[in-house]
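First the structure, in the form of structure tokens, and then the observations on it.
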Amino acid sequence: MARITAGVTSSHIPLIGRVIDTDQTDTPYWKPVFEGYEWTKEWLRKEPPDVIFLVYNDHASAFDMRIIPTFAIGCAERFPPADEGYGPRPVPVIEGAPDLAWHIAQSVIEQDFDLTIINEMALDHGLTVPLSLMFGQPKAWPCRIIPFAVNVVVYPVPSGRRCYKLGQAIRKAVQSFDEDLNVQVWGTGGMSHQIQGKRAGLINKAWDKRFLDRLADKPEELAEIEHVEYIREAGAEGIELVMWLIMRGALGAGVKELHRHYHVPASNTAVGHMVLEAGSG
Ligand code: DHB
Ligand code: FE
């Protein structure tokens with residue numbers, strides 16, 4: 001059977017993609033950002049997944065005001081990187097895992113979550129920047145990826161509680177897939193940041209730390225955080241953190257923190273990154 005072995009979270013700041021693509025990762029400003037991913041790169045080389053279920057949000061690249069799916073699962077064979085205004089990033093095409101993706105769609109919909117099934121979609125920095133942070137600049141990504149897009153851009157957006165429960169449903173779905181696969185679940189976005197308006201540049205280190213501290217052991221507490229708290233404490237875009245709760249819900253009980261990285265500043269935001277070993281059961 002397929003099994004979920006680990007979870008990875010990471011901010012997905014678009015400027016990081018640009019810095020990687022133009023070989024500026026060693027500059028004094030950026031070096032400490034990338035150093036925090038070295039542990040993970042090594043760990044991924046030793047324990048490569050077959051498939052990553054990658055929870056991210058689209059930033060008006062594949063979707064816009066015409067279509068706003070709350071939860072969208074990518075079931076295609078492959079997905080191109082999106083053109084976000086400066087041309088697509090020079091990164092490999094993302095190979096999907098259609099059989100597993102359709103299985104998850106069926107199982108999760110039968111568990112009463114409404115997913116939108118997407119068979120054609122371009123993927124923006126929300127997904128490609130974490131891949132570059134974790135895998136560098138390979139000719140091809142080393143595993144297959146199921147993109148799972150969450151609307152955290154246009155209100156109404158889903159609650160943290162619903163995201164956490166959705167993660168639990170995804171866990172059941174993966175565990176009922178009849179193929180021996182090592183599956184990781186990633187959650188991207190966050191941490192505190194606001195990129196427009198009077199509070200642009202907002203960073204709340206204390207609040208971020210409390211979030212990181214509770215992710216492994218006290219996810220139920222995090223699931224109770226209301227939208228208004230994310231916005232007040234973590235800035236308008238801090239709401240992206242609900243996607244980490246989908247990842248966390250998919251890891252089960254008895255989760256172990258393997259690695260943590262937190263750094264300010266990076267562009268307008270705080271960088272947060274964690275690796276969690278999945279629980280049993
Ligand atoms: C920025 C954009 C994002 O989508 C994000 O998650 C963090 C930062 C930015 O434009 O700086
Ligand atoms: Fe974002």
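So you can find residues: chains in the structure tokens are A, B, ... in the order shown, residues in each start at 1, and ligands are numbered from 1 in order.
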
Neighbours of His273 in chain A within 7 Å (only C-alpha atoms; same-chain residues fewer than 6 positions away dropped), as a ChimeraX atom specification?
/A:9-11,260-262

Output of the above residues as an mmCIF file, in the first residue's frame, restricted to all heavy atoms:
```cif
data_model
loop_
_atom_site.group_PDB
_atom_site.id
_atom_site.type_symbol
_atom_site.label_atom_id
_atom_site.label_comp_id
_atom_site.auth_asym_id
_atom_site.auth_seq_id
_atom_site.Cartn_x
_atom_site.Cartn_y
_atom_site.Cartn_z
ATOM 1 N N THR A 9 7.303 21.598 5.117
ATOM 2 C CA THR A 9 6.668 22.896 4.905
ATOM 3 C C THR A 9 7.729 23.898 4.475
ATOM 4 O O THR A 9 8.891 23.778 4.852
ATOM 5 C CB THR A 9 6.027 23.457 6.192
ATOM 6 O OG1 THR A 9 7.075 23.750 7.115
ATOM 7 C CG2 THR A 9 5.061 22.482 6.805
ATOM 8 N N SER A 10 7.310 24.860 3.688
ATOM 9 C CA SER A 10 8.252 25.917 3.306
ATOM 10 C C SER A 10 7.520 27.131 2.760
ATOM 11 O O SER A 10 6.537 26.996 2.034
ATOM 12 C CB SER A 10 9.215 25.421 2.232
ATOM 13 O OG SER A 10 10.067 26.467 1.824
ATOM 14 N N SER A 11 8.051 28.294 3.087
ATOM 15 C CA SER A 11 7.633 29.518 2.402
ATOM 16 C C SER A 11 7.923 29.352 0.923
ATOM 17 O O SER A 11 8.787 28.558 0.537
ATOM 18 C CB SER A 11 8.431 30.717 2.924
ATOM 19 O OG SER A 11 8.389 30.777 4.322
ATOM 20 N N ARG A 260 14.179 22.226 11.434
ATOM 21 C CA ARG A 260 13.465 23.505 11.435
ATOM 22 C C ARG A 260 14.404 24.617 10.990
ATOM 23 O O ARG A 260 15.580 24.615 11.353
ATOM 24 C CB ARG A 260 12.956 23.811 12.841
ATOM 25 C CG ARG A 260 12.195 25.122 12.909
ATOM 26 C CD ARG A 260 11.959 25.581 14.334
ATOM 27 N NE ARG A 260 11.116 24.678 15.121
ATOM 28 C CZ ARG A 260 10.388 25.089 16.156
ATOM 29 N NH1 ARG A 260 10.380 26.365 16.515
ATOM 30 N NH2 ARG A 260 9.692 24.226 16.863
ATOM 31 N N HIS A 261 13.867 25.540 10.233
ATOM 32 C CA HIS A 261 14.646 26.705 9.780
ATOM 33 C C HIS A 261 13.709 27.912 9.784
ATOM 34 O O HIS A 261 12.584 27.830 9.291
ATOM 35 C CB HIS A 261 15.151 26.421 8.356
ATOM 36 C CG HIS A 261 15.810 27.576 7.679
ATOM 37 N ND1 HIS A 261 16.763 28.374 8.283
ATOM 38 C CD2 HIS A 261 15.683 28.053 6.413
ATOM 39 C CE1 HIS A 261 17.170 29.293 7.419
ATOM 40 N NE2 HIS A 261 16.537 29.123 6.283
ATOM 41 N N TYR A 262 14.191 28.999 10.386
ATOM 42 C CA TYR A 262 13.398 30.238 10.384
ATOM 43 C C TYR A 262 14.358 31.390 10.179
ATOM 44 O O TYR A 262 15.387 31.472 10.870
ATOM 45 C CB TYR A 262 12.644 30.400 11.706
ATOM 46 C CG TYR A 262 11.755 31.630 11.729
ATOM 47 C CD1 TYR A 262 10.521 31.635 11.066
ATOM 48 C CD2 TYR A 262 12.150 32.791 12.392
ATOM 49 C CE1 TYR A 262 9.710 32.761 11.074
ATOM 50 C CE2 TYR A 262 11.336 33.917 12.397
ATOM 51 C CZ TYR A 262 10.119 33.899 11.742
ATOM 52 O OH TYR A 262 9.324 35.012 11.740
#
```

Taking the DSSP assignment computed from this structure's backbone, write out as a PyMOL selection string all residues of range 6-97 of chain A that belong to strand (DSSP E or B).
chain A and resi 6-10+51-56+64+67+71-74+78-79+81+83+88+94-95

Could you give me the residues within 8 Å of ligand 2, counting only C-alpha atoms and all ligand atoms, as a ChimeraX atom specification?
/A:11-14,57-59,125-126,189-190,237,240

Selection from above, C-alpha atoms, as a PDB file, in the first residue's frame, can you write it?
```pdb
ATOM      1  CA  SER A  11       7.633  29.518   2.402  1.00  0.00           C
ATOM      2  CA  HIS A  12       7.408  30.002  -1.363  1.00  0.00           C
ATOM      3  CA  ILE A  13       8.665  33.566  -1.855  1.00  0.00           C
ATOM      4  CA  PRO A  14       8.875  34.280  -5.614  1.00  0.00           C
ATOM      5  CA  ASN A  57      -1.706  28.180  -3.647  1.00  0.00           C
ATOM      6  CA  ASP A  58      -1.977  29.660  -7.075  1.00  0.00           C
ATOM      7  CA  HIS A  59      -1.392  33.424  -7.276  1.00  0.00           C
ATOM      8  CA  HIS A 125       6.043  30.023  -7.546  1.00  0.00           C
ATOM      9  CA  GLY A 126       3.744  28.595  -4.860  1.00  0.00           C
ATOM     10  CA  GLY A 189       3.347  29.463   1.906  1.00  0.00           C
ATOM     11  CA  GLY A 190       3.639  31.532   5.067  1.00  0.00           C
ATOM     12  CA  GLU A 237      -0.798  36.742   3.365  1.00  0.00           C
ATOM     13  CA  GLU A 240      -1.287  30.862   3.525  1.00  0.00           C
TER      14      GLU A 240
END
```

So that I can see what lies close to Met134 in chain A, please list as JSON, numbers by chain the residues with an atom at most 8 Å from it, counting only C-alpha atoms and leaving out residues fewer than 4 positions away in the same chain.
{"A": [37, 40, 41, 44, 130]}

Store the residues picked out above, limited to C-alpha atoms, as a short mmCIF file (atom, residue, chain, number, x, y, z; two decimals), in the first residue's frame.
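So the final result, stored in result.cif, reads:
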```
data_model
loop_
_atom_site.label_atom_id
_atom_site.label_comp_id
_atom_site.auth_asym_id
_atom_site.auth_seq_id
_atom_site.Cartn_x
_atom_site.Cartn_y
_atom_site.Cartn_z
CA TYR A 37 17.65 24.01 3.41
CA THR A 40 16.71 18.85 3.89
CA LYS A 41 18.49 18.47 0.56
CA LEU A 44 15.90 14.00 0.47
CA PRO A 130 9.79 24.99 -2.77
#
```

Please return, as a list in words, all residues of range 116-194 of chain A that DSSP assigns to helix (DSSP H, G or I) on the basis of the backbone.
His125, Gly126, Leu127, Thr128, Val129, Pro130, Leu131, Ser132, Leu133, Met134, Phe135, Gly160, Arg161, Arg162, Cys163, Tyr164, Lys165, Leu166, Gly167, Gln168, Ala169, Ile170, Arg171, Lys172, Ala173, Val174 and Gln175 of chain A

Got time to write the residues from that selection, N, CA and C atoms, as an mmCIF file, in the first residue's frame?
```
data_model
loop_
_atom_site.group_PDB
_atom_site.id
_atom_site.type_symbol
_atom_site.label_atom_id
_atom_site.label_comp_id
_atom_site.auth_asym_id
_atom_site.auth_seq_id
_atom_site.Cartn_x
_atom_site.Cartn_y
_atom_site.Cartn_z
ATOM 1 N N HIS A 125 5.009 30.086 -8.584
ATOM 2 C CA HIS A 125 6.043 30.023 -7.546
ATOM 3 C C HIS A 125 5.580 29.295 -6.281
ATOM 4 N N GLY A 126 4.264 29.286 -6.045
ATOM 5 C CA GLY A 126 3.744 28.595 -4.860
ATOM 6 C C GLY A 126 4.215 27.147 -4.819
ATOM 7 N N LEU A 127 4.400 26.544 -5.993
ATOM 8 C CA LEU A 127 4.843 25.144 -6.078
ATOM 9 C C LEU A 127 6.293 25.019 -6.542
ATOM 10 N N THR A 128 6.698 25.848 -7.498
ATOM 11 C CA THR A 128 8.041 25.632 -8.081
ATOM 12 C C THR A 128 9.164 26.133 -7.175
ATOM 13 N N VAL A 129 8.919 27.180 -6.374
ATOM 14 C CA VAL A 129 10.000 27.674 -5.508
ATOM 15 C C VAL A 129 10.366 26.650 -4.419
ATOM 16 N N PRO A 130 9.405 26.061 -3.724
ATOM 17 C CA PRO A 130 9.790 24.995 -2.774
ATOM 18 C C PRO A 130 10.524 23.832 -3.448
ATOM 19 N N LEU A 131 10.113 23.446 -4.660
ATOM 20 C CA LEU A 131 10.840 22.365 -5.355
ATOM 21 C C LEU A 131 12.293 22.762 -5.581
ATOM 22 N N SER A 132 12.519 24.006 -6.014
ATOM 23 C CA SER A 132 13.893 24.466 -6.255
ATOM 24 C C SER A 132 14.676 24.534 -4.941
ATOM 25 N N LEU A 133 14.038 24.981 -3.879
ATOM 26 C CA LEU A 133 14.727 25.054 -2.588
ATOM 27 C C LEU A 133 15.168 23.673 -2.126
ATOM 28 N N MET A 134 14.340 22.686 -2.372
ATOM 29 C CA MET A 134 14.600 21.339 -1.842
ATOM 30 C C MET A 134 15.453 20.498 -2.784
ATOM 31 N N PHE A 135 15.347 20.728 -4.098
ATOM 32 C CA PHE A 135 16.039 19.856 -5.063
ATOM 33 C C PHE A 135 17.083 20.599 -5.898
ATOM 34 N N GLY A 160 -8.767 26.990 8.908
ATOM 35 C CA GLY A 160 -7.686 26.093 9.305
ATOM 36 C C GLY A 160 -8.222 24.740 9.733
ATOM 37 N N ARG A 161 -9.359 24.757 10.420
ATOM 38 C CA ARG A 161 -9.944 23.497 10.911
ATOM 39 C C ARG A 161 -10.326 22.593 9.746
ATOM 40 N N ARG A 162 -10.951 23.203 8.737
ATOM 41 C CA ARG A 162 -11.354 22.405 7.566
ATOM 42 C C ARG A 162 -10.116 21.863 6.833
ATOM 43 N N CYS A 163 -9.086 22.675 6.761
ATOM 44 C CA CYS A 163 -7.851 22.227 6.101
ATOM 45 C C CYS A 163 -7.231 21.051 6.855
ATOM 46 N N TYR A 164 -7.216 21.153 8.172
ATOM 47 C CA TYR A 164 -6.640 20.067 8.984
ATOM 48 C C TYR A 164 -7.415 18.755 8.758
ATOM 49 N N LYS A 165 -8.747 18.874 8.761
ATOM 50 C CA LYS A 165 -9.576 17.675 8.545
ATOM 51 C C LYS A 165 -9.401 17.129 7.128
ATOM 52 N N LEU A 166 -9.240 18.011 6.182
ATOM 53 C CA LEU A 166 -8.996 17.579 4.805
ATOM 54 C C LEU A 166 -7.685 16.776 4.734
ATOM 55 N N GLY A 167 -6.681 17.242 5.465
ATOM 56 C CA GLY A 167 -5.419 16.503 5.511
ATOM 57 C C GLY A 167 -5.634 15.087 6.029
ATOM 58 N N GLN A 168 -6.489 14.956 7.052
ATOM 59 C CA GLN A 168 -6.776 13.621 7.600
ATOM 60 C C GLN A 168 -7.448 12.733 6.547
ATOM 61 N N ALA A 169 -8.312 13.341 5.749
ATOM 62 C CA ALA A 169 -8.980 12.566 4.685
ATOM 63 C C ALA A 169 -7.968 12.162 3.609
ATOM 64 N N ILE A 170 -7.027 13.048 3.321
ATOM 65 C CA ILE A 170 -5.989 12.734 2.327
ATOM 66 C C ILE A 170 -5.133 11.564 2.825
ATOM 67 N N ARG A 171 -4.870 11.560 4.131
ATOM 68 C CA ARG A 171 -4.092 10.438 4.702
ATOM 69 C C ARG A 171 -4.795 9.102 4.431
ATOM 70 N N LYS A 172 -6.101 9.057 4.733
ATOM 71 C CA LYS A 172 -6.872 7.825 4.492
ATOM 72 C C LYS A 172 -6.833 7.445 3.020
ATOM 73 N N ALA A 173 -6.947 8.444 2.184
ATOM 74 C CA ALA A 173 -6.984 8.187 0.736
ATOM 75 C C ALA A 173 -5.671 7.566 0.274
ATOM 76 N N VAL A 174 -4.561 8.151 0.683
ATOM 77 C CA VAL A 174 -3.247 7.634 0.250
ATOM 78 C C VAL A 174 -3.063 6.218 0.773
ATOM 79 N N GLN A 175 -3.428 6.019 2.032
ATOM 80 C CA GLN A 175 -3.194 4.706 2.653
ATOM 81 C C GLN A 175 -4.079 3.608 2.057
#
```

Between CA of Ala234 in chain A and CA of Met191 in chain A, what is the distance in Å, rounded to a tenth?
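Separation between CA of Ala234 in chain A and CA of Met191 in chain A: 7.2 Å.
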
Within 7 Å of Gly254 in chain A, counting only C-alpha atoms, which residues show up once you throw out same-chain ones fewer than 2 positions away? Write them as a ChimeraX atom specification, please.
/A:252,256,279-280

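You will find atom 7 (C, counted along the ligand's line) of ligand 1 at 8.9 Å from CA of Ser192 in chain A.
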
Selected residue of minimal separation from Gln106 in chain A among A:Ala236, A:Ala270, A:Val55, A:Cys75, counting only C-alpha atoms
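The closest residue to Gln106 in chain A is A:Cys75.
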
Name all residues at most 12 Å from range 136-143 of chain A (count only C-alpha atoms; drop same-chain ones fewer than 4 positions away) and give them as a count of residues only.
43

Looking at only C-alpha atoms, which of A:Arg232, A:Lys46, A:Arg3, A:Lys31 is the one that sits closest to Leu100 in chain A?
A:Arg3
